[in-house]
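Novice: Here you go, one structure.
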Amino acid sequence: MEILYHLLVFILQTLYNSHKCIVFNIFTAVFGGRAEFYMYKKLMCFILTIVMSLFLLSCSTPRESESLSVTGIYFDTIVQIKAWGADTETLNHCLEICRDYENMFSNKIETSDISRINNAGGIPVTVSRETIELLEKGLYYSKLTEGAFDITIAPLTELWNFKNNPEGLLPDPAAIKEAVSHIDYSNVHIEWNQVYLNDPEAGIDLGGIAKGYVADRLKEYLSEEGICHALINLGGNILALGNDYGGQPFTIGIQKPFDEQNVPITTLDIEDCSVVSSGTYERYFEKDGVIYHHILNPDDGYPYENDLLQVTIISKESVDGDALSTCCFALGLEEGTKLIEKTDGVQAVFITKDYKLYTVGM
C-alpha cells in the first residue's frame with residue numbers, strides 16, 4: 001500500500017507540473033495570490049481519497065490464504081462450511097442455500113415440495129426443477145437396489161422415534177405392517193414438472209439422499225464464486241472443494257462406531273471428492289439388549305439386521321455417496337461389495353461388527 005501511495009503521488013504531481021501553467025491561471029483568477037496553495041491542497045485531497053478507497057477495498061477483500069467458517073442447523077443436523085478466500089457474504093449465502101433446500105425437500109415442513117406431494121392425495125403437484133432432479137436420482141437408486149433403498153419410506157420413518165426415546169418404545173406391529181404396505185417407489189410418477197403418488201397413503205422421504213445433493217450445490221456455488229479451497233460438512237456428509245490451501249489433501253477421520261470419544265477408526269486423505277458414512281451408531285436406541293437403529297428395512301419395517309456397523313462411500317458427487325452409503329448398508333457386505341465393484345469412480349469402506357475394515361472399489 002505504501003508503494004502504491006508513492007506511485008500515485010509521483011504520477012499526480014507529474015500531471016500537476018505538466019499542466020501547472022493552465023491550471024495556475026484558472027486558480028489565480030479565482031483565488032488570487034493563494035492559487036499555489038489551493039492547487040496543492042486540492043491535489044493532496046484527491047490523492048488521499050484514492051488511497052483510502054484502495055485501502056478500504058483491500059480490507060473488504062479476503063486474502064486467498066485466509067479461511068472463514070460458518071455454522072448452522074438444517075436438515076436436523078449441524079452444517080459447517082469452511083472456505084479459503086471467501087467473504088462473509090458468500091458463506092452466509094451458503095446457509096441461505098441450505099435453508100432454501102430444506103424448505104423444498106423436507107417432509108417435516110408443510111409447505112415443502114415433498115410435503116405437498118405427500119399430502120395431495122394422488123393429485124399432481126407442480127414442483128421445482130431441483131425437486132425433480134433429486135426425485136429422479138432417488139428413484140434411480142431405488143430401482144438399482146430393487147427397493148432395498150426406497151424413497152417412499154415416509155410412512156415407516158414417521159412411526160419410529162430415534163431421537164427422544166429414552167424408554168425405548170417400539171411402534172405398534174400392526175402400524176408397521178400397514179406402513180410397509182404403502183412403501184413402493186413405483187408409486188412415484190413424474191411428468192414434466194409435476195409429481196403424484198399412485199397410492200394416496202404413500203409418502204416420500206428424501207432423508208437418505210438430500211444432504212448429498214445440497215452439498216453438491218454448495219460446492220457448485222462456491223466454485224462459481226471463485227473459491228478453490230473449501231470443506232463442506234453436512235452432519236457427517238463431507239465434500240471437499242479442491243484441497244487444503246497449503247496444497248495438501250484434507251484428512252478426514254472415519255468415526256469408530258459407538259466410540260464415546262469419537263475416535264476415528266481410520267483416516268482418509270481426499271481432494272475434490274465426497275466422503276459419506278451411514279451406520280447403526282448415528283441414531284439409535286437400545287431396548288432389552290437389542291439396538292434399534294435408523295436404517296429401516298422397507299420389507300419388514302424394522303432396522304436392517306446384518307453384519308455391518310457402518311459403510312463409508314468415497315465418490316465425486318456427494319449425492320451418489322449419500323445414497324450409496326445407505327444402499328450398501330441395506331444390501332450387506334457381500335451384495336454391497338458387488339454393487340461397488342460395478343460402479344465406476346466409487347470406493348467403499350465396510351466396517352463389520354467385529355470392527356474389521358473392508359475396502360472395495362476404485
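We label chains A, B, ... in the order they appear in the C-alpha cells, count residues from 1 in each chain, and number ligands from 1 in the order shown.
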I'd like the contact shell of Leu296 in chain A - 9 Å cut-off, only C-alpha atoms, skipping same-chain residues fewer than 3 positions apart - returned as a compact mmCIF listing (two decimals) with all heavy atoms, in the first residue's frame.
Specialist:
```
# COMPACT_ATOMS: atom_id res chain seq x y z
N ILE A 153 -40.36 -44.36 1.83
CA ILE A 153 -40.33 -44.98 3.15
C ILE A 153 -40.96 -44.09 4.24
O ILE A 153 -41.02 -44.48 5.42
CB ILE A 153 -38.88 -45.34 3.52
CG1 ILE A 153 -38.85 -46.42 4.61
CG2 ILE A 153 -38.09 -44.08 3.91
CD1 ILE A 153 -37.47 -47.03 4.84
N LEU A 156 -43.19 -45.32 7.15
CA LEU A 156 -42.49 -46.12 8.16
C LEU A 156 -41.62 -45.24 9.07
O LEU A 156 -41.64 -45.40 10.29
CB LEU A 156 -41.63 -47.18 7.47
CG LEU A 156 -40.88 -48.16 8.37
CD1 LEU A 156 -41.85 -48.94 9.24
CD2 LEU A 156 -40.02 -49.09 7.54
N THR A 157 -40.87 -44.32 8.49
CA THR A 157 -39.98 -43.48 9.31
C THR A 157 -40.77 -42.62 10.29
O THR A 157 -40.27 -42.26 11.35
CB THR A 157 -39.10 -42.58 8.42
OG1 THR A 157 -39.93 -41.77 7.57
CG2 THR A 157 -38.16 -43.41 7.56
N HIS A 293 -31.68 -49.20 15.19
CA HIS A 293 -31.08 -48.05 14.52
C HIS A 293 -31.99 -47.53 13.41
O HIS A 293 -33.02 -48.14 13.09
CB HIS A 293 -29.69 -48.42 13.96
CG HIS A 293 -29.71 -49.56 12.99
ND1 HIS A 293 -30.03 -49.39 11.66
CD2 HIS A 293 -29.45 -50.89 13.16
CE1 HIS A 293 -29.97 -50.55 11.04
NE2 HIS A 293 -29.62 -51.48 11.92
N ASP A 299 -38.99 -53.88 3.69
CA ASP A 299 -39.73 -55.15 3.57
C ASP A 299 -40.46 -55.53 4.85
O ASP A 299 -41.62 -55.98 4.81
CB ASP A 299 -38.78 -56.29 3.16
CG ASP A 299 -38.35 -56.17 1.71
OD1 ASP A 299 -39.09 -55.54 0.93
OD2 ASP A 299 -37.29 -56.70 1.36
N ASP A 300 -39.80 -55.39 6.01
CA ASP A 300 -40.45 -55.81 7.25
C ASP A 300 -40.72 -54.66 8.23
O ASP A 300 -41.39 -54.83 9.24
CB ASP A 300 -39.64 -56.91 7.94
CG ASP A 300 -38.25 -56.46 8.39
OD1 ASP A 300 -38.01 -55.24 8.51
OD2 ASP A 300 -37.39 -57.34 8.62
N GLY A 301 -40.16 -53.48 7.94
CA GLY A 301 -40.45 -52.30 8.76
C GLY A 301 -39.54 -52.12 9.96
O GLY A 301 -39.71 -51.15 10.71
N TYR A 302 -38.57 -53.01 10.14
CA TYR A 302 -37.66 -52.93 11.29
C TYR A 302 -36.24 -52.61 10.80
O TYR A 302 -35.94 -52.72 9.60
CB TYR A 302 -37.68 -54.24 12.06
CG TYR A 302 -38.97 -54.47 12.81
CD1 TYR A 302 -40.06 -55.06 12.19
CD2 TYR A 302 -39.11 -54.05 14.14
CE1 TYR A 302 -41.28 -55.25 12.87
CE2 TYR A 302 -40.30 -54.24 14.83
CZ TYR A 302 -41.38 -54.84 14.19
OH TYR A 302 -42.57 -55.01 14.86
N PRO A 303 -35.36 -52.18 11.70
CA PRO A 303 -33.98 -51.87 11.29
C PRO A 303 -33.32 -53.08 10.63
O PRO A 303 -33.57 -54.22 11.00
CB PRO A 303 -33.29 -51.51 12.62
CG PRO A 303 -34.40 -51.01 13.49
CD PRO A 303 -35.60 -51.83 13.13
N TYR A 304 -32.49 -52.77 9.63
CA TYR A 304 -31.76 -53.83 8.94
C TYR A 304 -30.90 -54.61 9.93
O TYR A 304 -30.24 -54.03 10.81
CB TYR A 304 -30.85 -53.25 7.85
CG TYR A 304 -31.54 -53.06 6.52
CD1 TYR A 304 -31.92 -51.79 6.08
CD2 TYR A 304 -31.80 -54.15 5.70
CE1 TYR A 304 -32.55 -51.64 4.86
CE2 TYR A 304 -32.43 -54.00 4.47
CZ TYR A 304 -32.80 -52.74 4.06
OH TYR A 304 -33.43 -52.59 2.85
N ALA A 330 -27.83 -51.44 3.41
CA ALA A 330 -29.03 -52.25 3.28
C ALA A 330 -28.75 -53.59 2.61
O ALA A 330 -29.32 -54.62 2.99
CB ALA A 330 -30.08 -51.48 2.48
```
Novice: Could you give me, as an mmCIF file with C-alpha atoms, in the first residue's frame, the residues within 7 Å of range 162-172 of chain A, counting only C-alpha atoms and dropping anything in the same chain fewer than 3 positions from it?
Specialist:
```
data_model
loop_
_atom_site.group_PDB
_atom_site.id
_atom_site.type_symbol
_atom_site.label_atom_id
_atom_site.label_comp_id
_atom_site.auth_asym_id
_atom_site.auth_seq_id
_atom_site.Cartn_x
_atom_site.Cartn_y
_atom_site.Cartn_z
ATOM 1 C CA LEU A 159 -43.549 -44.381 13.229
ATOM 2 C CA ALA A 175 -48.956 -49.941 12.368
ATOM 3 C CA ILE A 176 -45.614 -51.118 10.990
ATOM 4 C CA ARG A 283 -29.283 -42.620 15.525
ATOM 5 C CA TYR A 284 -30.456 -45.498 17.650
ATOM 6 C CA PHE A 285 -31.901 -46.632 20.953
ATOM 7 C CA GLU A 286 -31.443 -49.828 22.922
ATOM 8 C CA LYS A 287 -34.153 -52.000 24.428
ATOM 9 C CA HIS A 294 -32.460 -45.664 11.919
#
```
Novice: Please return, as a ChimeraX atom specification, all residues of range 185-354 of chain A that DSSP assigns to strand (DSSP E or B) on the basis of the backbone.
Specialist: /A:188-191,194-197,229-234,237-241,250-255,264-270,274-279,284-287,290-293,296,303,308-315,347-352
Novice: Rounded to one decimal place, report the CA of Val346 in chain A-CA of Ile313 in chain A distance in Å.
Specialist: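 Answer for the CA of Val346 in chain A to CA of Ile313 in chain A separation: 7.0 Å.
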Novice: Please return, as number ranges by chain, all residues of range 206-338 of chain A that DSSP assigns to helix (DSSP H, G or I) on the basis of the backbone.
Specialist: A: 210-224, 318-338
Novice: One decimal, in Å: what's the spacing between CA of Leu95 in chain A and CA of Asn233 in chain A?
Specialist: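 Straight-line distance from CA of Leu95 in chain A to CA of Asn233 in chain A works out to 11.9 Å.
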Novice: At a cut-off of 7 Å, using only C-alpha atoms, what residues contact Phe329 in chain A? Leave out same-chain residues fewer than 3 positions from it and give the result as a PyMOL selection string.
Specialist: chain A and resi 308+310-311+325-326+332+336
Novice: Any chance you could export the current selection's all heavy atoms as an mmCIF file, in the first residue's frame?
Specialist:
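Okay, this is what ended up in result-v7.cif:
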```
data_model
loop_
_atom_site.group_PDB
_atom_site.id
_atom_site.type_symbol
_atom_site.label_atom_id
_atom_site.label_comp_id
_atom_site.auth_asym_id
_atom_site.auth_seq_id
_atom_site.Cartn_x
_atom_site.Cartn_y
_atom_site.Cartn_z
ATOM 1 N N LEU A 308 -23.068 -55.607 9.497
ATOM 2 C CA LEU A 308 -22.405 -54.310 9.318
ATOM 3 C C LEU A 308 -22.706 -53.338 10.463
ATOM 4 O O LEU A 308 -23.813 -53.311 11.004
ATOM 5 C CB LEU A 308 -22.834 -53.672 7.999
ATOM 6 C CG LEU A 308 -22.405 -54.389 6.717
ATOM 7 C CD1 LEU A 308 -23.006 -53.691 5.500
ATOM 8 C CD2 LEU A 308 -20.885 -54.439 6.601
ATOM 9 N N GLN A 310 -21.183 -50.054 9.762
ATOM 10 C CA GLN A 310 -21.037 -48.788 9.034
ATOM 11 C C GLN A 310 -20.563 -49.042 7.605
ATOM 12 O O GLN A 310 -19.833 -50.000 7.339
ATOM 13 C CB GLN A 310 -20.014 -47.909 9.753
ATOM 14 C CG GLN A 310 -19.802 -46.522 9.150
ATOM 15 C CD GLN A 310 -18.571 -45.862 9.726
ATOM 16 O OE1 GLN A 310 -17.479 -46.017 9.217
ATOM 17 N NE2 GLN A 310 -18.741 -45.135 10.826
ATOM 18 N N VAL A 311 -20.973 -48.140 6.726
ATOM 19 C CA VAL A 311 -20.454 -48.104 5.354
ATOM 20 C C VAL A 311 -20.077 -46.662 5.032
ATOM 21 O O VAL A 311 -20.865 -45.742 5.277
ATOM 22 C CB VAL A 311 -21.487 -48.604 4.325
ATOM 23 C CG1 VAL A 311 -20.900 -48.499 2.909
ATOM 24 C CG2 VAL A 311 -21.911 -50.035 4.617
ATOM 25 N N SER A 325 -24.182 -45.068 0.416
ATOM 26 C CA SER A 325 -23.847 -45.497 1.780
ATOM 27 C C SER A 325 -25.028 -46.235 2.407
ATOM 28 O O SER A 325 -24.852 -47.251 3.089
ATOM 29 C CB SER A 325 -23.430 -44.298 2.641
ATOM 30 O OG SER A 325 -24.493 -43.384 2.795
ATOM 31 N N THR A 326 -26.244 -45.725 2.160
ATOM 32 C CA THR A 326 -27.435 -46.412 2.668
ATOM 33 C C THR A 326 -27.723 -47.678 1.875
ATOM 34 O O THR A 326 -28.064 -48.720 2.453
ATOM 35 C CB THR A 326 -28.654 -45.476 2.622
ATOM 36 O OG1 THR A 326 -28.347 -44.260 3.314
ATOM 37 C CG2 THR A 326 -29.867 -46.122 3.265
ATOM 38 N N GLY A 332 -25.872 -55.222 2.616
ATOM 39 C CA GLY A 332 -24.926 -56.051 3.357
ATOM 40 C C GLY A 332 -23.577 -56.115 2.669
ATOM 41 O O GLY A 332 -23.400 -55.615 1.549
ATOM 42 N N GLY A 336 -23.379 -55.534 -1.210
ATOM 43 C CA GLY A 336 -22.883 -54.168 -1.285
ATOM 44 C C GLY A 336 -21.555 -54.092 -2.013
ATOM 45 O O GLY A 336 -21.305 -53.166 -2.802
#
```
Novice: Please, what distance in Å, to one decimal, runs between CA of Glu341 in chain A and CA of Val360 in chain A?
Specialist: 7.0 Å
